[in-house]
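Listing of input.cif, mmCIF, C-alpha atoms
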data_final
#
loop_
_atom_site.label_atom_id
_atom_site.label_comp_id
_atom_site.auth_asym_id
_atom_site.auth_seq_id
_atom_site.Cartn_x
_atom_site.Cartn_y
_atom_site.Cartn_z
CA MET A 1373 -116.09 38.84 -193.72
CA LYS A 1374 -115.06 35.78 -191.71
CA SER A 1375 -117.54 36.39 -188.87
CA ILE A 1376 -120.45 38.73 -188.30
CA TRP A 1377 -118.73 39.81 -185.06
CA LEU A 1378 -116.46 42.79 -185.63
CA GLN A 1379 -113.98 41.66 -182.99
CA GLU A 1380 -113.47 38.27 -184.67
CA ASN A 1381 -112.34 39.83 -187.95
CA LYS A 1382 -108.99 41.34 -189.01
CA TRP A 1383 -108.73 45.01 -189.88
CA GLU A 1384 -108.42 44.21 -193.58
CA ASP A 1385 -111.66 42.18 -193.41
CA VAL A 1386 -113.42 45.28 -192.11
CA GLU A 1387 -111.81 47.40 -194.81
CA ALA A 1388 -113.13 45.02 -197.46
CA TYR A 1389 -116.61 44.93 -195.87
CA LEU A 1390 -116.84 48.71 -196.01
CA GLN A 1391 -116.35 48.68 -199.76
CA SER A 1392 -119.93 47.42 -200.19
CA ASN A 1393 -121.69 47.76 -196.84
CA LYS A 1394 -121.58 50.66 -194.40
CA THR A 1395 -124.12 49.33 -191.89
CA ILE A 1396 -123.29 47.89 -188.46
CA ILE A 1397 -125.33 46.65 -185.49
CA VAL A 1398 -124.36 47.55 -181.90
CA PRO A 1399 -125.96 45.48 -179.09
CA VAL A 1400 -126.44 47.17 -175.70
CA GLY A 1401 -128.02 45.73 -172.58
CA SER A 1402 -127.68 45.66 -168.82
CA VAL A 1403 -126.51 43.43 -166.00
CA GLU A 1404 -129.27 43.69 -163.41
CA GLN A 1405 -131.47 41.52 -161.26
CA HIS A 1406 -134.33 39.74 -163.00
CA GLY A 1407 -136.03 38.07 -160.07
CA LYS A 1408 -135.08 34.62 -158.91
CA HIS A 1409 -136.01 32.88 -162.16
CA LEU A 1410 -133.96 34.81 -164.78
CA PRO A 1411 -130.22 35.61 -164.95
CA LEU A 1412 -128.70 39.02 -164.32
CA GLY A 1413 -127.60 39.29 -167.93
CA THR A 1414 -131.09 38.86 -169.44
CA ASP A 1415 -131.20 42.25 -171.19
CA SER A 1416 -127.74 41.84 -172.68
CA LEU A 1417 -128.27 38.21 -173.65
CA VAL A 1418 -131.41 39.21 -175.57
CA ALA A 1419 -129.69 42.12 -177.33
CA ILE A 1420 -126.74 39.91 -178.29
CA LYS A 1421 -128.92 37.09 -179.67
CA VAL A 1422 -131.11 39.48 -181.65
CA ALA A 1423 -128.10 41.35 -183.07
CA GLU A 1424 -126.27 38.13 -183.91
CA GLU A 1425 -129.18 36.44 -185.67
CA ALA A 1426 -130.19 39.56 -187.58
CA GLY A 1427 -126.55 40.12 -188.50
CA LYS A 1428 -126.12 36.60 -189.83
CA ARG A 1429 -129.31 36.67 -191.86
CA THR A 1430 -128.44 40.00 -193.49
CA GLU A 1431 -124.63 39.60 -193.59
CA THR A 1432 -124.24 42.69 -191.42
CA LEU A 1433 -121.34 43.21 -189.03
CA VAL A 1434 -122.10 43.34 -185.30
CA ALA A 1435 -119.96 45.39 -182.91
CA PRO A 1436 -118.83 44.00 -179.54
CA PRO A 1437 -121.73 44.06 -177.06
CA ASN A 1438 -121.93 46.57 -174.24
CA TRP A 1439 -123.15 44.50 -171.29
CA THR A 1440 -123.84 47.27 -168.79
CA GLY A 1441 -126.45 50.03 -168.77
CA TRP A 1442 -128.28 52.50 -166.53
CA ALA A 1443 -130.08 50.56 -163.78
CA PRO A 1444 -129.83 52.41 -160.42
CA HIS A 1445 -133.10 51.07 -158.95
CA HIS A 1446 -132.02 47.46 -159.56
CA MET A 1447 -129.07 48.04 -157.21
CA ALA A 1448 -131.64 46.96 -154.63
CA TYR A 1449 -130.48 43.42 -155.42
CA PRO A 1450 -126.92 41.98 -155.41
CA GLY A 1451 -125.10 41.52 -158.69
CA THR A 1452 -126.58 44.50 -160.51
CA ILE A 1453 -124.05 46.80 -162.18
CA THR A 1454 -125.13 50.31 -163.13
CA LEU A 1455 -123.42 53.02 -165.12
CA ARG A 1456 -124.13 56.68 -164.57
CA PRO A 1457 -126.32 57.90 -167.46
CA GLU A 1458 -123.63 60.30 -168.68
CA THR A 1459 -121.14 57.42 -168.67
CA LEU A 1460 -123.42 55.36 -170.93
CA THR A 1461 -123.96 58.37 -173.19
CA ASN A 1462 -120.21 59.01 -173.45
CA LEU A 1463 -119.43 55.33 -173.97
CA MET A 1464 -121.88 54.90 -176.82
CA TYR A 1465 -120.89 58.26 -178.29
CA ASP A 1466 -117.26 57.14 -178.44
CA VAL A 1467 -118.08 53.68 -179.80
CA CYS A 1468 -120.27 55.06 -182.58
CA LYS A 1469 -117.91 57.95 -183.33
CA SER A 1470 -115.07 55.44 -183.77
CA LEU A 1471 -117.20 53.41 -186.18
CA ILE A 1472 -118.16 56.52 -188.16
CA TYR A 1473 -114.51 57.53 -188.39
CA HIS A 1474 -113.70 54.21 -190.09
CA GLY A 1475 -116.47 54.59 -192.65
CA PHE A 1476 -119.60 53.10 -191.11
CA GLU A 1477 -122.46 55.43 -192.00
CA LYS A 1478 -125.50 53.55 -190.69
CA ILE A 1479 -125.54 52.32 -187.10
CA ILE A 1480 -128.37 50.30 -185.55
CA ILE A 1481 -128.22 50.01 -181.76
CA VAL A 1482 -130.13 47.01 -180.39
CA ASN A 1483 -131.16 48.02 -176.87
CA GLY A 1484 -132.22 45.15 -174.63
CA HIS A 1485 -132.84 47.31 -171.55
CA ARG A 1486 -135.93 49.16 -172.70
CA GLU A 1487 -136.84 52.49 -171.07
CA ALA A 1488 -133.90 52.94 -168.70
CA ASN A 1489 -131.23 52.92 -171.40
CA LEU A 1490 -133.17 55.03 -173.86
CA PRO A 1491 -132.49 58.57 -172.53
CA PRO A 1492 -128.66 58.16 -172.47
CA LEU A 1493 -128.66 56.38 -175.83
CA LYS A 1494 -130.90 58.96 -177.47
CA ILE A 1495 -128.62 61.77 -176.31
CA ALA A 1496 -125.56 60.03 -177.75
CA ILE A 1497 -127.03 59.31 -181.17
CA THR A 1498 -128.75 62.70 -181.46
CA LYS A 1499 -125.41 64.42 -180.91
CA LEU A 1500 -123.69 62.22 -183.47
CA ARG A 1501 -126.47 62.56 -186.03
CA ASN A 1502 -126.18 66.35 -185.89
CA GLU A 1503 -122.39 66.44 -185.77
CA THR A 1504 -121.57 63.85 -188.42
CA GLY A 1505 -124.62 63.34 -190.63
CA ALA A 1506 -124.48 59.58 -189.98
CA PHE A 1507 -127.75 57.62 -189.75
CA LEU A 1508 -128.10 56.25 -186.21
CA SER A 1509 -131.09 54.41 -184.78
CA ILE A 1510 -132.21 52.46 -181.72
CA ALA A 1511 -134.09 49.19 -182.25
CA ASP A 1512 -135.49 48.15 -178.89
CA PRO A 1513 -136.85 44.58 -178.98
CA PHE A 1514 -139.76 45.63 -176.79
CA TYR A 1515 -140.91 48.31 -179.21
CA ILE A 1516 -140.00 46.70 -182.52
CA ALA A 1517 -142.01 43.61 -181.52
CA ASP A 1518 -144.92 45.50 -179.94
CA GLN A 1519 -147.62 44.10 -182.21
CA VAL A 1520 -146.75 40.43 -181.82
CA ALA A 1521 -146.38 40.89 -178.05
CA ARG A 1522 -149.95 42.17 -177.89
CA LYS A 1523 -151.13 39.09 -179.80
CA VAL A 1524 -149.36 36.46 -177.66
CA LYS A 1525 -149.71 38.16 -174.27
CA LYS A 1526 -151.53 35.88 -171.81
CA SER A 1527 -151.26 37.77 -168.53
CA GLU A 1528 -153.93 40.00 -167.05
CA PRO A 1529 -153.49 43.80 -167.08
CA GLY A 1530 -150.36 44.60 -165.08
CA GLY A 1531 -148.70 41.36 -166.13
CA VAL A 1532 -145.95 42.99 -168.18
CA GLY A 1533 -143.31 44.87 -166.23
CA HIS A 1534 -139.89 43.65 -165.15
CA ALA A 1535 -138.77 39.99 -165.24
CA ALA A 1536 -142.38 39.41 -166.25
CA GLU A 1537 -144.26 37.65 -169.03
CA MET A 1538 -142.71 38.86 -172.28
CA GLU A 1539 -139.03 38.76 -171.39
CA THR A 1540 -139.48 35.49 -169.50
CA SER A 1541 -141.12 33.88 -172.54
CA HIS A 1542 -138.34 35.26 -174.73
CA MET A 1543 -135.65 33.87 -172.43
CA LEU A 1544 -137.40 30.49 -172.26
CA PHE A 1545 -136.90 30.33 -176.03
CA LEU A 1546 -133.40 31.85 -176.21
CA HIS A 1547 -131.77 30.50 -173.04
CA PRO A 1548 -133.97 27.88 -171.34
CA GLU A 1549 -130.90 26.53 -169.53
CA LEU A 1550 -130.65 29.82 -167.57
CA CYS A 1551 -134.32 29.96 -166.51
CA GLU A 1552 -135.76 28.47 -163.29
CA MET A 1553 -139.52 28.73 -163.65
CA ASP A 1554 -140.21 27.03 -160.32
CA LYS A 1555 -138.89 30.26 -158.75
CA ALA A 1556 -141.10 32.60 -160.80
CA VAL A 1557 -143.63 34.62 -158.80
CA LYS A 1558 -146.57 36.83 -159.76
CA ASN A 1559 -146.58 40.43 -158.55
CA ILE A 1560 -149.52 42.51 -159.76
CA LYS A 1561 -150.99 45.12 -157.45
CA GLU A 1562 -153.15 48.19 -157.74
CA ASN A 1563 -151.45 51.56 -158.10
CA HIS A 1564 -152.78 55.01 -158.83
CA ARG A 1565 -154.21 54.96 -162.36
CA PHE A 1566 -151.44 57.30 -163.59
CA LEU A 1567 -148.74 54.92 -162.30
CA GLN A 1568 -149.56 51.87 -164.41
CA HIS A 1569 -146.33 49.97 -165.18
CA ASP A 1570 -147.76 47.66 -167.87
CA PRO A 1571 -147.17 49.38 -171.25
CA PHE A 1572 -149.98 47.34 -172.83
CA VAL A 1573 -152.59 48.86 -170.53
CA GLU A 1574 -154.18 51.94 -172.09
CA GLY A 1575 -154.28 55.12 -170.06
CA ASP A 1576 -152.58 58.36 -169.10
CA ARG A 1577 -149.28 58.12 -167.27
CA ILE A 1578 -146.98 60.08 -165.00
CA PHE A 1579 -143.34 59.06 -164.52
CA VAL A 1580 -142.05 58.66 -160.96
CA PRO A 1581 -138.55 57.23 -160.47
CA SER A 1582 -137.84 54.55 -157.88
CA ASP A 1583 -135.06 54.41 -155.35
CA VAL A 1584 -133.57 51.13 -154.17
CA GLY A 1585 -135.71 50.88 -151.03
CA ILE A 1586 -139.01 51.61 -152.74
CA TYR A 1587 -138.15 49.31 -155.63
CA ARG A 1588 -137.21 46.40 -153.39
CA GLU A 1589 -140.42 46.73 -151.42
CA GLY A 1590 -142.54 47.14 -154.56
CA SER A 1591 -140.98 44.08 -156.19
CA LEU A 1592 -141.76 41.87 -153.16
CA ASN A 1593 -138.11 41.44 -152.17
CA VAL A 1594 -137.91 39.19 -155.24
CA GLY A 1595 -137.36 41.60 -158.12
CA VAL A 1596 -140.45 40.86 -160.22
CA VAL A 1597 -143.05 43.39 -161.34
CA GLY A 1598 -145.77 41.66 -163.36
CA ASP A 1599 -146.54 38.00 -163.99
CA PRO A 1600 -143.89 35.65 -165.39
CA THR A 1601 -145.79 32.54 -164.33
CA VAL A 1602 -147.85 32.45 -167.56
CA SER A 1603 -144.77 32.63 -169.79
CA THR A 1604 -144.15 29.93 -172.41
CA LYS A 1605 -141.32 28.98 -174.73
CA GLU A 1606 -143.81 28.85 -177.63
CA ASN A 1607 -144.84 32.49 -177.11
CA GLY A 1608 -141.20 33.42 -176.76
CA GLU A 1609 -140.46 31.82 -180.12
CA ALA A 1610 -143.36 33.61 -181.85
CA TYR A 1611 -142.21 36.89 -180.31
CA HIS A 1612 -138.60 36.30 -181.36
CA GLN A 1613 -139.38 35.33 -184.95
CA GLU A 1614 -141.47 38.46 -185.52
CA LEU A 1615 -138.79 40.55 -183.86
CA ILE A 1616 -136.08 39.17 -186.15
CA ALA A 1617 -138.28 39.64 -189.23
CA ASN A 1618 -138.76 43.28 -188.28
CA MET A 1619 -135.04 43.72 -187.65
CA ILE A 1620 -134.21 42.26 -191.06
CA ASP A 1621 -136.73 44.57 -192.70
CA PHE A 1622 -135.16 47.62 -191.05
CA ILE A 1623 -131.58 46.55 -191.77
CA GLU A 1624 -132.38 46.08 -195.45
CA TYR A 1625 -134.04 49.50 -195.48
CA CYS A 1626 -130.91 51.05 -193.98
CA LYS A 1627 -128.65 49.32 -196.48
CA ASN A 1628 -130.66 50.02 -199.60
CA ASP A 1629 -132.77 53.12 -199.06
CA VAL A 1630 -131.05 55.39 -196.55
CA LYS A 1631 -128.80 57.98 -198.17
CA VAL A 1632 -126.06 59.48 -196.02
CA GLU A 1633 -123.65 62.33 -196.48
CA ILE A 1634 -121.03 62.37 -193.75
CA ARG A 1635 -120.06 65.89 -192.69
CA LYS A 1636 -117.31 65.13 -190.23
CA ARG A 1637 -115.15 62.17 -189.19
CA GLU A 1638 -113.17 62.57 -186.00
CA ILE A 1639 -111.36 60.30 -183.57
CA PRO A 1640 -112.90 60.51 -180.07
CA LEU A 1641 -110.37 62.29 -177.88
#
In structure tokens, write the structure found in this file.
Amino acid sequence: MKSIWLQENKWEDVEAYLQSNKTIIVPVGSVEQHGKHLPLGTDSLVAIKVAEEAGKRTETLVAPPNWTGWAPHHMAYPGTITLRPETLTNLMYDVCKSLIYHGFEKIIIVNGHREANLPPLKIAITKLRNETGAFLSIADPFYIADQVARKVKKSEPGGVGHAAEMETSHMLFLHPELCEMDKAVKNIKENHRFLQHDPFVEGDRIFVPSDVGIYREGSLNVGVVGDPTVSTKENGEAYHQELIANMIDFIEYCKNDVKVEIRKREIPL
């Protein structure tokens, strides 16, 4: 294996890799507004960095990143690109089905776009799991680093949302050159108790989707929901290191403990 990136290897390198390792990582993100202080590619940049570092430290191949996801409400701001959910499902289904056809049996999707990408991704991997017998999983940085995020979180309740504390801290560590903290704004306001956006606030919840108009108004015509102003590079580093440690733990589990019997290998047509 000359590189952990699949696309930088030759076909015979992949053939040799598969003789001893049938695990691969697939990064998926989104290109969407992240306020005025973070770049549009934040979700994808995070997924790529996490996949790359975890891949290097475990000598696991990483598939080419999928930069775009399902983000219709972020179309409220210029530059956002959204796929239809069925397009994302079909895309990831075809990518993973191609990998399974070649002999990959354990696929770990690193999803940098949290909740919005999860329904289409879950549909794709559930279909493939049942059709092929392959082991497919979704490692979302937000959820696989939940415990450390709760420890380092500095913002008040409501401070974690979109372009807010945790992903801003993470980006300050990963890509400080792309962050402009002088443009960060705080946006925490009271909603009905069932409509709490901060996942670290305990309570019952009801899901209500946003449209572009409501989202733009609710995010102050800036694109922020929560409080990025308390973010720090140091907290981003602590968050990232725990996240990578958890990724390594799961990758090693997949490689060494997960037993797979493939039922069907087909070319996506």
* To do: Report as a PyMOL selection string the full result of the PyMOL selection byres ((chain A and resi 1585) around 12) when it is applied to this structure.
  => chain A and resi 1444-1449+1581-1584+1586-1593+1595
* To do: Determine the residue membership of the PyMOL selection byres ((chain A and resi 1469) around 8) for the file above and supply it as a list in words.
  =>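 Expected selection for the PyMOL selection byres ((chain A and resi 1469) around 8) here is Tyr1465, Asp1466, Val1467, Cys1468, Ser1470, Leu1471, Ile1472, Tyr1473, Leu1500, Arg1637, Glu1638, Ile1639 and Pro1640 of chain A.
Between Leu1460 in chain A and the residues A:Thr1432, A:Glu1487, A:Ile1495, A:Ala1511, the shortest atom-to-atom distance, using all atoms listed in the file, involves A:Ile1495.
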* Asked: When the PyMOL selection byres ((chain A and resi 1628) around 12) is applied to the file above, which residues end up in the set, as a VMD selection string?
  -> chain A and resid 1392 to 1395 1430 1478 1621 to 1627 1629 to 1632
* Separation of CA of Asp1518 in chain A from CA of Ile1376 in chain A in Å ->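 Calculated distance between CA of Ile1376 in chain A and CA of Asp1518 in chain A is 26.7 Å.
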* **For CA of Met1543 in chain A and CA of Leu1378 in chain A, the interatomic separation in Å (one decimal)** => 24.9 Å
* Asked: Can you tell me how far CA of Pro1399 in chain A sits from CA of Asn1438 in chain A, in Å to one decimal?
  -> 6.4 Å
* Neighbour list for Tyr1611 in chain A as a ChimeraX atom specification, cut-off 10 Å, all atoms listed in the file, skip fewer than 2 positions in-chain -> /A:1513-1514,1517-1525,1538-1539,1541-1542,1545,1605-1609,1613-1616
* Closest of A:Ile1480, A:Val1602, A:Leu1410, A:Val1434 to His1534 in chain A - atom-to-atom distances counting all atoms listed in the file ->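 So, comparing all the options, the nearest one is A:Leu1410.
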* Asked: Using all atoms listed in the file, which residues sit within 12 Å of Gly1531 in chain A once same-chain residues fewer than 4 positions away are excluded, as a VMD selection string?
  -> chain A and resid 1522 1525 to 1527 1535 to 1540 1557 to 1562 1568 to 1573 1596 to 1603
* Non-local contacts of Glu1552 in chain A (10 Å; only C-alpha atoms; under 6 positions in same chain excluded) as a ChimeraX atom specification -> /A:1408-1411,1544
